[in-house]
Amino acid sequence: MTRTLRPRKSQPSYAILAGIELDEDGAGPSKRATVYADDDGESGSDFSPGTDRDAEGEEEDDEEEDEDEDMGSEEDAPKVAPSVSVAPSQRSTSVLETKAQKIRSLPKPSLSRTSKRQQYVLPTPSVHHRHRAVPLYTRTGRVERLETRPVLFNTPKITMSNNFTQNVKVADRVNKSWGYNVGPGPIWELVEDRGWYKEAAEKVPDMDSDANRRPKVYQNILGKAGWKVLSKSDAAAFLPTDVVTTEEGNLKPPPPVPCLLGPFDEQTEAKIEMFQSHKLSEFFPESTAHLFNAGAPVWGLDWCPTHADDRPALQFKQYLAVAPFPSASHSPEIGIKVARPSYACIQIWSLGPSHHQTTGGNNYKELDRGEMKCEIVLCLESGPAHELKWCPLPSHDDFSTRRRPRKLGLLSGVFEDGSWSIYVVPYPKDVAPTDDASQPAYIHLPEPLLRIELEETSCWTCDWANSEQIAIGTTNGIIAVYDLGPQLKEIDNDSALIMDILPTHYITVHQSAVRALAWIRAPPTTATGGPRTNGDPTVIASGGYDGMECMTDIREGHGSVMNRTRDVINAMAFSPFGGGPVTIDHENIVKAYSASPSMLGRGHTLLEPQGPVWSVNASDFHPQLAVGSADGCCTTTNSLRSTRRGGSVPFFIHKIYQLDYSRKKGMYRMLERFLPQETQDRPATKAKASKTKPIDDNNAAKEQERIKASSAGTGAWPREVGVHRVTWNSCNGLAASGLLASATASGLCRVDELWGRWIKGKVPYGGIEHIRWELDDDAMDIDGASDDSAGSS
């Protein structure tokens with residue numbers, strides 16, 4: 001029996017019900033709204049591209065360089081009906097007929113469409129713009145700078161100088177001078193604090209010092225009651241373990257990590273136990289790096305801030321929070337909460353002076369490189385931490401107080417039980433074991449100070465705006481903003497666990513889990529347009545598993561799509577020097593976007609690692625960008641390099657180290673001393689060039705050799721070598737701003753002290769005093785008139 005189709009029935013026309021006249025064939029409305037448009041497409045705006053023939057070359061160059069343009073896809077662009085065109089022979093000189101030729105038809109306004117969680121409202125980039133770092137606000141006052149190269153664990157020599165937004169001349173010179181840095185780290189002469197926090201003291205003596213710009217907070221909070229010191233055997237359940245068990249079924253401690261260290265041709269095998277560290281100066285005499293083993297893959301890493309007045313009492317010791325997984329095979333599921341208690345730990349490592357400290361001397365053999373030591377192991381019941389963030393301002397106790405134990409700071413994190421929690425970390429010296437100083441203190445913290453949980457979702461990422469406001473990204477695409485100031489300021493020693501706190505904003509931004517977010521730390525504006533420095537920031541940049549990169553103004557209640565890729569957005573960072581977020585794009589590209597109104601949404605490529613990017617971090621003190629990728633590479637680059645094509649300064653990518661793994665031998669290898677690499681041209685650019693310029697056999701062979709030499713990766717790497725986290729030390733002053741910490745999937749973590757250098761060893765504009773306009777010398781304008789001349793002055 002054959003099937004019969006359902007007969008077609010006429011459907012009611014909603015246009016007729018709305019009173020809209022139809023055409024004779026019933027195809028649609030017969031009356032159209034008319035919009036007048038010029039044939040030549042000119043809008044009359046001063047910002048629209050001109051038709052000058054001399055600019056066509058620049059337009060072609062801009063189109064060829066894909067990294068300078070952040071063009072949206074065709075399906076994202078609004079579809080506009082084409083203009084009605086008339087053949088030249090049929091044109092008339094009548095004014096009415098001329099206007100009729102310029103008419104294009106658009107449908108009448110219809111019913112409102114359904115709202116979206118994202119809106120494509122960012123402007124279309126112009127082909128004529130140049131990517132320059134635009135400050136988001138103009139800061140008044142002066143700024144600190146270094147007089148001499150800083151030395152670890154010594155008091156730095158600091159003087160006051162002109163702020164980079166003092167005037168246009170200083171801003172232009174400082175930004176151009178940063179472009180002549182060809183080293184892996186920042187140039188110590190130029191580092192300055194461009195961070196902004198509303199807690200900064202204003203209208204007080206010495207308000208521009210680091211002590212007043214980053215004051216102490218939450219001195220009312222004492223240590224959380226209920227903590228206790230555990231023995232090593234009792235703390236074993238909280239520590240990382242091996243993937244195999246004993247015959248009795250007990251978990252074994254993790255085995256030592258075998259790793260080849262040293263120069264490429266003469267490497268030495270070192271077996272690094274958990275809580276053990278190595279100075280890489282044993283293998284490289286000039287190295288100041290430290291390597292240590294956390295025991296399992298590390299996903300949480302952050303530096304602890306200390307106040308400027310208390311650093312000498314600590315001998316300028318730096319503290320680093322490290323959060324390993326329970327084992328190398330541990331694999332959390334997105335949105336799945338583990339039941340408490342779930343044992344895990346957070347390790348507090350210190351970088352302090354050696355006991356056999358030597359002073360003085362400029363030779364690297366005479367300088368104290370310090371030593372890494374695990375001082376505290378926090379034993380928690382909230383599960384392993386997926387991300388760690390200290391309170392960005394110093395929250396430790398006065399080290400001169402007699403109360404014990406003193407507080408080191410407030411440490412927050414996103415944990416596997418689906419919560420975002422704050423823990424009070426005790427000062428290591430007050431809880432250190434007296435019997436064996438070489439072993440860390442095991443501190444059991446049964447409950448946090450504050451815990452935020454959402455019934456319908458899990459917390460997945462977080463970022464502090466200041467000491468009071470926090471943004472939390474969840475696994476269902478929602479960004480929740482909390483104001484913690486009123487609750488934290490009322491805490492005393494007998495306060496119970498805080499859990500009944502509601503968000504001030506609860507905004508659906510992404511279609512899936514929010515993987516990374518960062519506050520655009522710039523003050524809101526007043527009614528007159530000036531910065532309101534005592535207010536909270538309002539814009540959040542976020543990326544999720546849906547491939548969307550959005551900028552959300554929490555006052556509007558929806559996100560604005562900044563970019564869209566077909567990949568997971570694993571990293572998002574805010575750069576005060578770049579004036580916007582730094583994140584990833586397709587094909588492992590790291591891109592910097594601008595949040596300034598004049599350059600909103602426009603981005604340019606900074607580097608393109610060989611593997612997928614796990615982490616991106618920018619500093620408040622310098623424009624050097626750190627990137628950790630899945631191919632085992634930790635790289636840095638200068639985000640303020642000149643965007644002028646054909647400049648004298650190359651675009652260098654510095655590979656700090658690369659971690660390899662042999663599956664056959666079960667051994668790691670850490671390589672370093674790499675030569676700087678120049679940014680390679682995009683393949684799309686080469687494809688366009690090949691269409692216009694014929695390539696003979698000789699040039700084709702050279703091109704193949706160049707591509708073969710530049711392709712160092714294979715496209716697949718062991719998961720054990722991935723660099724999960726990188727973070728600059730942005731909270732302990734100018735002298736520590738060159739410290740870079742990184743963590744890998746093998747459990748090996750590393751701390752490097754990186755500083756930059758001027759190209760050809762020459763300071764532009766004749767010296768730092770002229771760059772900062774400390775000496776009113778107009779003659780230096782001749783030297784700094786162009787990018788090329790500034791580098792050779």
# chains A, B, ... in the order shown; residues from 1 in each chain; ligands from 1
>>> residues_around(residues="range 471-486 of chain A", least_positions_apart="3", cutoff="10 Å", atoms="only C-alpha atoms", output="VMD selection string")
chain A and resid 117 218 334 to 336 414 418 to 420 450 452 454 456 to 468 489 to 491 501 to 519 536 540 542 to 546 552 554
>>> residues_around(residues="range 370-384 of chain A", least_positions_apart="6", cutoff="7 Å", atoms="only C-alpha atoms", output="ChimeraX atom specification")
/A:238,275,277,290,325-326,340-354,415-417,428,440-446
>>> residues_around(residues="Thr148 in chain A", least_positions_apart="5", cutoff="8 Å", atoms="only C-alpha atoms", output="ChimeraX atom specification")
/A:156-157,188-189
>>> write_last_selection(atoms="C-alpha atoms", output="PDB file, in the first residue's frame")
ATOM      1  CA  PRO A 156      65.631  48.249  45.979  1.00  0.00           C
ATOM      2  CA  LYS A 157      66.574  51.836  45.216  1.00  0.00           C
ATOM      3  CA  TRP A 188      63.983  47.300  34.959  1.00  0.00           C
ATOM      4  CA  GLU A 189      64.341  51.013  34.086  1.00  0.00           C
TER       5      GLU A 189
END
>>> closest_residue(among="A:Ile584, A:Val424, A:Met667, A:Leu408", to="Glu269 in chain A", atoms="only C-alpha atoms")
A:Met667
>>> atom_distance(atom1="CA of Asp553 in chain A", atom2="CA of Ala527 in chain A")
17.3 Å
>>> residues_around(residues="range 721-726 of chain A", least_positions_apart="3", cutoff="8 Å", atoms="only C-alpha atoms", output="MDAnalysis selection string")
chainID A and resid 298:301 614:617 626:634 659:661 717:718 740:746
>>> atom_distance(atom1="CA of Gly715 in chain A", atom2="CA of Asn588 in chain A")
11.3 Å
>>> closest_residue(among="A:Gly766, A:Pro524, A:Pro215, A:Gly611", to="Ser395 in chain A", atoms="only C-alpha atoms")
A:Pro215
>>> residues_around(residues="Ala522 in chain A", least_positions_apart="4", cutoff="12 Å", atoms="only C-alpha atoms", output="MDAnalysis selection string")
chainID A and resid 135:139 194:198 465:466 518 530:540 574:577 579:581 595:596
>>> write_last_selection(atoms="N, CA, C and O atoms", output="compact mmCIF listing (two decimals), in the first residue's frame")
# COMPACT_ATOMS: atom_id res chain seq x y z
N PRO A 135 45.60 53.85 27.08
CA PRO A 135 45.24 53.72 28.50
C PRO A 135 43.74 53.93 28.68
O PRO A 135 43.11 54.76 28.02
N LEU A 136 43.16 53.14 29.59
CA LEU A 136 41.72 53.20 29.81
C LEU A 136 41.30 54.40 30.64
O LEU A 136 40.14 54.79 30.60
N TYR A 137 42.23 54.96 31.40
CA TYR A 137 41.91 56.18 32.14
C TYR A 137 43.20 56.91 32.43
O TYR A 137 44.29 56.33 32.38
N THR A 138 43.09 58.19 32.70
CA THR A 138 44.25 59.04 32.97
C THR A 138 44.41 59.16 34.48
O THR A 138 43.55 59.71 35.17
N ARG A 139 45.53 58.66 34.95
CA ARG A 139 45.81 58.72 36.38
C ARG A 139 46.63 59.97 36.70
O ARG A 139 47.59 60.28 36.00
N ARG A 194 50.97 50.04 37.09
CA ARG A 194 49.81 50.58 36.40
C ARG A 194 48.50 49.96 36.90
O ARG A 194 47.45 50.12 36.28
N GLY A 195 48.60 49.23 37.98
CA GLY A 195 47.38 48.66 38.55
C GLY A 195 46.55 49.73 39.24
O GLY A 195 47.06 50.77 39.68
N TRP A 196 45.27 49.45 39.34
CA TRP A 196 44.35 50.38 40.02
C TRP A 196 43.45 49.61 40.97
O TRP A 196 42.88 48.57 40.60
N TYR A 197 43.37 50.12 42.20
CA TYR A 197 42.47 49.57 43.21
C TYR A 197 41.79 50.73 43.92
O TYR A 197 42.43 51.73 44.24
N LYS A 198 40.52 50.56 44.17
CA LYS A 198 39.76 51.66 44.78
C LYS A 198 40.18 51.91 46.22
O LYS A 198 39.90 52.98 46.77
N ALA A 465 38.22 41.74 41.53
CA ALA A 465 38.31 43.09 41.00
C ALA A 465 39.13 43.97 41.92
O ALA A 465 39.92 44.80 41.47
N ASN A 466 38.94 43.80 43.22
CA ASN A 466 39.70 44.46 44.27
C ASN A 466 39.57 43.59 45.51
O ASN A 466 39.29 42.39 45.38
N ALA A 518 38.21 37.65 33.41
CA ALA A 518 39.12 38.64 33.98
C ALA A 518 38.39 39.98 34.03
O ALA A 518 37.69 40.36 33.08
N GLY A 530 34.98 62.07 34.06
CA GLY A 530 36.22 61.78 34.75
C GLY A 530 36.18 60.43 35.44
O GLY A 530 35.10 59.85 35.66
N PRO A 531 37.32 59.88 35.80
CA PRO A 531 37.35 58.57 36.47
C PRO A 531 36.87 58.66 37.91
O PRO A 531 37.26 59.57 38.65
N ARG A 532 36.03 57.74 38.31
CA ARG A 532 35.56 57.65 39.69
C ARG A 532 36.39 56.58 40.38
O ARG A 532 36.03 55.40 40.42
N THR A 533 37.54 56.98 40.93
CA THR A 533 38.53 56.04 41.42
C THR A 533 38.11 55.34 42.70
O THR A 533 38.79 54.39 43.12
N ASN A 534 37.05 55.75 43.36
CA ASN A 534 36.59 55.06 44.56
C ASN A 534 35.46 54.08 44.25
O ASN A 534 34.82 53.57 45.17
N GLY A 535 35.21 53.81 42.98
CA GLY A 535 34.17 52.87 42.60
C GLY A 535 34.74 51.54 42.16
O GLY A 535 35.96 51.34 42.05
N ASP A 536 33.85 50.60 41.91
CA ASP A 536 34.24 49.27 41.47
C ASP A 536 34.23 49.19 39.95
O ASP A 536 33.42 49.87 39.29
N PRO A 537 35.11 48.38 39.36
CA PRO A 537 35.04 48.19 37.90
C PRO A 537 33.75 47.50 37.52
O PRO A 537 33.11 46.81 38.33
N THR A 538 33.35 47.67 36.28
CA THR A 538 32.04 47.18 35.84
C THR A 538 32.10 46.25 34.64
O THR A 538 31.07 45.72 34.24
N VAL A 539 33.26 46.04 34.04
CA VAL A 539 33.35 45.26 32.81
C VAL A 539 34.15 43.99 33.07
O VAL A 539 35.20 44.03 33.72
N ILE A 540 33.63 42.87 32.56
CA ILE A 540 34.26 41.56 32.70
C ILE A 540 34.47 40.97 31.31
O ILE A 540 33.56 40.96 30.49
N PHE A 574 43.83 40.28 31.82
CA PHE A 574 43.73 41.72 31.56
C PHE A 574 45.11 42.34 31.66
O PHE A 574 45.85 42.11 32.62
N SER A 575 45.48 43.12 30.64
CA SER A 575 46.76 43.80 30.61
C SER A 575 46.56 45.30 30.76
O SER A 575 46.00 45.94 29.86
N PRO A 576 46.98 45.91 31.87
CA PRO A 576 46.88 47.36 31.99
C PRO A 576 47.71 48.10 30.96
O PRO A 576 47.38 49.23 30.59
N PHE A 577 48.79 47.49 30.49
CA PHE A 577 49.64 48.13 29.49
C PHE A 577 49.00 48.06 28.11
O PHE A 577 49.14 48.98 27.31
N GLY A 579 45.70 47.79 27.67
CA GLY A 579 44.40 48.44 27.72
C GLY A 579 43.24 47.54 27.35
O GLY A 579 42.24 48.02 26.82
N GLY A 580 43.35 46.24 27.63
CA GLY A 580 42.27 45.34 27.29
C GLY A 580 42.62 43.91 27.61
O GLY A 580 43.70 43.60 28.15
N PRO A 581 41.74 42.97 27.27
CA PRO A 581 41.98 41.56 27.58
C PRO A 581 42.93 40.93 26.58
O PRO A 581 43.05 41.35 25.43
N ALA A 595 40.05 47.51 25.01
CA ALA A 595 38.79 47.88 25.64
C ALA A 595 38.55 49.37 25.62
O ALA A 595 37.55 49.84 26.17
N SER A 596 39.44 50.13 24.99
CA SER A 596 39.26 51.57 24.89
C SER A 596 38.13 51.88 23.90
O SER A 596 37.98 51.19 22.90
>>> residues_around(residues="Cys304 in chain A", least_positions_apart="5", cutoff="10 Å", atoms="only C-alpha atoms", output="number ranges by chain")
A: 318-321, 348, 350, 389-396, 408-411, 729-732
>>> select_by_dssp(residues="range 152-365 of chain A", states="strand (DSSP E or B)", output="MDAnalysis selection string")
chainID A and resid 158:162 181 228:230 245 251 257:261 268:272 277:279 290:293 298:303 318:324 342 344:352
>>> atom_distance(atom1="CA of Ser231 in chain A", atom2="CA of Gln439 in chain A")
10.8 Å
>>> residues_around(residues="Trp728 in chain A", least_positions_apart="5", cutoff="10 Å", atoms="only C-alpha atoms", output="list in words")
Asp302, Trp303, Asn617, Ala618, Ser619, Asp620, Phe621, His622, Gln624, Leu625, Ala626, Ala736, Ser737, Gly738, Leu739, Leu740, Ala741, Ser742, Val751, Asp752 and Glu753 of chain A
>>> write_last_selection(atoms="all heavy atoms", output="compact mmCIF listing (two decimals), in the first residue's frame")
# COMPACT_ATOMS: atom_id res chain seq x y z
N ASP A 302 49.57 30.95 42.40
CA ASP A 302 49.44 32.40 42.56
C ASP A 302 50.40 32.88 43.64
O ASP A 302 50.68 32.16 44.62
CB ASP A 302 48.00 32.78 42.94
CG ASP A 302 47.71 34.25 42.67
OD1 ASP A 302 48.41 34.84 41.83
OD2 ASP A 302 46.80 34.81 43.31
N TRP A 303 50.91 34.13 43.45
CA TRP A 303 51.83 34.76 44.39
C TRP A 303 51.05 35.44 45.51
O TRP A 303 49.99 36.02 45.27
CB TRP A 303 52.71 35.79 43.70
CG TRP A 303 53.67 35.22 42.70
CD1 TRP A 303 53.49 35.12 41.35
CD2 TRP A 303 54.97 34.70 42.96
NE1 TRP A 303 54.59 34.56 40.76
CE2 TRP A 303 55.53 34.29 41.73
CE3 TRP A 303 55.73 34.54 44.12
CZ2 TRP A 303 56.79 33.73 41.62
CZ3 TRP A 303 57.00 33.98 44.01
CH2 TRP A 303 57.52 33.59 42.77
N ASN A 617 49.10 35.09 31.09
CA ASN A 617 49.15 35.98 32.24
C ASN A 617 49.87 37.26 31.87
O ASN A 617 50.90 37.23 31.19
CB ASN A 617 49.85 35.30 33.42
CG ASN A 617 49.74 36.11 34.70
OD1 ASN A 617 50.69 36.75 35.13
ND2 ASN A 617 48.57 36.10 35.32
N ALA A 618 49.32 38.39 32.31
CA ALA A 618 49.91 39.72 32.11
C ALA A 618 50.16 40.36 33.47
O ALA A 618 49.49 40.04 34.46
CB ALA A 618 49.00 40.60 31.26
N SER A 619 51.11 41.25 33.52
CA SER A 619 51.53 41.87 34.77
C SER A 619 51.01 43.29 34.87
O SER A 619 50.75 43.95 33.87
CB SER A 619 53.06 41.85 34.87
OG SER A 619 53.50 42.55 36.02
N ASP A 620 50.90 43.76 36.12
CA ASP A 620 50.56 45.16 36.37
C ASP A 620 51.77 46.08 36.25
O ASP A 620 51.62 47.30 36.24
CB ASP A 620 49.97 45.33 37.77
CG ASP A 620 48.56 44.78 37.87
OD1 ASP A 620 47.96 44.50 36.82
OD2 ASP A 620 48.07 44.63 39.02
N PHE A 621 52.97 45.51 36.15
CA PHE A 621 54.20 46.32 36.20
C PHE A 621 54.91 46.41 34.86
O PHE A 621 55.81 47.23 34.71
CB PHE A 621 55.16 45.74 37.24
CG PHE A 621 54.66 45.85 38.66
CD1 PHE A 621 53.96 44.82 39.24
CD2 PHE A 621 54.89 47.00 39.40
CE1 PHE A 621 53.49 44.92 40.54
CE2 PHE A 621 54.43 47.11 40.70
CZ PHE A 621 53.72 46.06 41.27
N HIS A 622 54.58 45.57 33.91
CA HIS A 622 55.29 45.59 32.62
C HIS A 622 54.41 44.91 31.56
O HIS A 622 53.46 44.20 31.89
CB HIS A 622 56.64 44.89 32.74
CG HIS A 622 56.56 43.49 33.27
ND1 HIS A 622 56.19 42.41 32.49
CD2 HIS A 622 56.79 42.98 34.51
CE1 HIS A 622 56.20 41.31 33.22
NE2 HIS A 622 56.55 41.62 34.45
N GLN A 624 55.29 42.50 29.41
CA GLN A 624 55.68 41.16 28.99
C GLN A 624 54.56 40.17 29.27
O GLN A 624 54.03 40.11 30.38
CB GLN A 624 56.95 40.73 29.70
CG GLN A 624 58.19 41.53 29.34
CD GLN A 624 58.58 41.35 27.88
OE1 GLN A 624 58.55 42.32 27.12
NE2 GLN A 624 58.94 40.16 27.49
N LEU A 625 54.23 39.39 28.26
CA LEU A 625 53.15 38.42 28.36
C LEU A 625 53.74 37.02 28.50
O LEU A 625 54.66 36.65 27.77
CB LEU A 625 52.26 38.49 27.12
CG LEU A 625 50.99 37.64 27.14
CD1 LEU A 625 49.97 38.24 28.09
CD2 LEU A 625 50.40 37.53 25.74
N ALA A 626 53.22 36.23 29.43
CA ALA A 626 53.66 34.86 29.65
C ALA A 626 52.57 33.91 29.18
O ALA A 626 51.38 34.14 29.43
CB ALA A 626 53.98 34.61 31.13
N ALA A 736 60.35 42.70 42.43
CA ALA A 736 59.94 41.31 42.24
C ALA A 736 59.11 41.12 40.98
O ALA A 736 58.60 40.01 40.77
CB ALA A 736 59.16 40.82 43.46
N SER A 737 58.97 42.15 40.18
CA SER A 737 58.08 42.05 39.02
C SER A 737 58.64 41.16 37.92
O SER A 737 57.92 40.80 37.00
CB SER A 737 57.81 43.45 38.44
OG SER A 737 59.02 44.07 38.04
N GLY A 738 59.92 40.80 37.99
CA GLY A 738 60.50 39.92 36.99
C GLY A 738 60.40 38.45 37.33
O GLY A 738 60.90 37.61 36.58
N LEU A 739 59.76 38.09 38.45
CA LEU A 739 59.61 36.69 38.85
C LEU A 739 58.42 36.07 38.12
O LEU A 739 57.30 36.59 38.19
CB LEU A 739 59.42 36.58 40.36
CG LEU A 739 60.63 36.95 41.22
CD1 LEU A 739 60.27 36.90 42.70
CD2 LEU A 739 61.81 36.03 40.94
N LEU A 740 58.67 34.96 37.45
CA LEU A 740 57.64 34.24 36.72
C LEU A 740 57.56 32.81 37.25
O LEU A 740 58.56 32.09 37.26
CB LEU A 740 57.95 34.22 35.22
CG LEU A 740 57.01 33.37 34.35
CD1 LEU A 740 55.61 33.96 34.35
CD2 LEU A 740 57.55 33.27 32.92
N ALA A 741 56.37 32.41 37.71
CA ALA A 741 56.14 31.05 38.18
C ALA A 741 55.32 30.29 37.16
O ALA A 741 54.41 30.86 36.53
CB ALA A 741 55.42 31.06 39.53
N SER A 742 55.63 29.01 36.99
CA SER A 742 54.91 28.17 36.04
C SER A 742 54.76 26.78 36.62
O SER A 742 55.61 26.32 37.40
CB SER A 742 55.64 28.12 34.69
OG SER A 742 56.97 27.68 34.85
N VAL A 751 60.28 28.55 38.98
CA VAL A 751 60.28 30.00 39.22
C VAL A 751 61.51 30.57 38.53
O VAL A 751 62.65 30.14 38.80
CB VAL A 751 60.29 30.33 40.72
CG1 VAL A 751 60.46 31.83 40.93
CG2 VAL A 751 59.01 29.85 41.38
N ASP A 752 61.30 31.54 37.64
CA ASP A 752 62.38 32.19 36.89
C ASP A 752 62.40 33.68 37.23
O ASP A 752 61.34 34.30 37.41
CB ASP A 752 62.20 32.02 35.39
CG ASP A 752 62.39 30.59 34.93
OD1 ASP A 752 61.40 29.81 35.00
OD2 ASP A 752 63.48 30.23 34.51
N GLU A 753 63.60 34.23 37.29
CA GLU A 753 63.77 35.69 37.37
C GLU A 753 64.21 36.17 36.00
O GLU A 753 65.33 35.88 35.55
CB GLU A 753 64.79 36.07 38.44
CG GLU A 753 64.88 37.58 38.63
CD GLU A 753 66.02 38.00 39.55
OE1 GLU A 753 66.91 37.18 39.79
OE2 GLU A 753 66.01 39.16 40.02
>>> decode(residues="range 644-667 of chain A", atoms="N, CA and C atoms", output="short mmCIF file (atom, residue, chain, number, x, y, z; two decimals), in the first residue's frame")
data_model
loop_
_atom_site.label_atom_id
_atom_site.label_comp_id
_atom_site.auth_asym_id
_atom_site.auth_seq_id
_atom_site.Cartn_x
_atom_site.Cartn_y
_atom_site.Cartn_z
N ARG A 644 54.43 48.86 13.56
CA ARG A 644 54.82 49.38 12.25
C ARG A 644 55.57 48.30 11.48
N ARG A 645 55.16 48.08 10.25
CA ARG A 645 55.79 47.06 9.42
C ARG A 645 57.15 47.58 8.93
N GLY A 646 58.10 46.69 8.89
CA GLY A 646 59.43 47.07 8.42
C GLY A 646 60.23 47.83 9.44
N GLY A 647 59.88 47.74 10.74
CA GLY A 647 60.64 48.43 11.76
C GLY A 647 61.97 47.77 12.03
N SER A 648 62.79 48.47 12.82
CA SER A 648 64.14 47.96 13.11
C SER A 648 64.15 46.95 14.24
N VAL A 649 63.07 46.84 15.00
CA VAL A 649 63.03 45.93 16.14
C VAL A 649 62.26 44.67 15.74
N PRO A 650 62.86 43.50 15.85
CA PRO A 650 62.15 42.27 15.48
C PRO A 650 61.10 41.89 16.52
N PHE A 651 60.13 41.09 16.08
CA PHE A 651 59.09 40.60 16.97
C PHE A 651 59.57 39.28 17.57
N PHE A 652 60.18 39.34 18.75
CA PHE A 652 60.80 38.16 19.34
C PHE A 652 59.82 37.40 20.22
N ILE A 653 59.89 36.07 20.13
CA ILE A 653 59.20 35.16 21.04
C ILE A 653 60.29 34.41 21.81
N HIS A 654 60.26 34.50 23.12
CA HIS A 654 61.29 33.91 23.96
C HIS A 654 60.75 32.64 24.61
N LYS A 655 61.38 31.53 24.31
CA LYS A 655 61.02 30.25 24.92
C LYS A 655 61.89 30.07 26.17
N ILE A 656 61.26 30.19 27.32
CA ILE A 656 62.00 30.10 28.58
C ILE A 656 62.49 28.67 28.79
N TYR A 657 61.63 27.71 28.58
CA TYR A 657 62.03 26.31 28.66
C TYR A 657 61.00 25.48 27.91
N GLN A 658 61.37 24.24 27.64
CA GLN A 658 60.47 23.28 27.01
C GLN A 658 60.63 21.94 27.71
N LEU A 659 59.50 21.34 28.08
CA LEU A 659 59.50 20.07 28.78
C LEU A 659 59.10 18.96 27.81
N ASP A 660 59.93 17.93 27.72
CA ASP A 660 59.66 16.76 26.89
C ASP A 660 59.47 15.54 27.77
N TYR A 661 58.83 14.51 27.20
CA TYR A 661 58.59 13.28 27.94
C TYR A 661 58.76 12.08 27.01
N SER A 662 59.50 11.10 27.45
CA SER A 662 59.72 9.87 26.71
C SER A 662 58.80 8.80 27.28
N ARG A 663 57.81 8.39 26.50
CA ARG A 663 56.92 7.34 26.98
C ARG A 663 57.65 6.00 27.14
N LYS A 664 58.64 5.78 26.30
CA LYS A 664 59.36 4.52 26.34
C LYS A 664 60.21 4.41 27.60
N LYS A 665 60.92 5.49 27.95
CA LYS A 665 61.79 5.46 29.12
C LYS A 665 61.10 5.97 30.38
N GLY A 666 59.95 6.63 30.22
CA GLY A 666 59.30 7.21 31.39
C GLY A 666 60.10 8.32 32.02
N MET A 667 60.78 9.13 31.21
CA MET A 667 61.68 10.16 31.71
C MET A 667 61.36 11.50 31.05
#
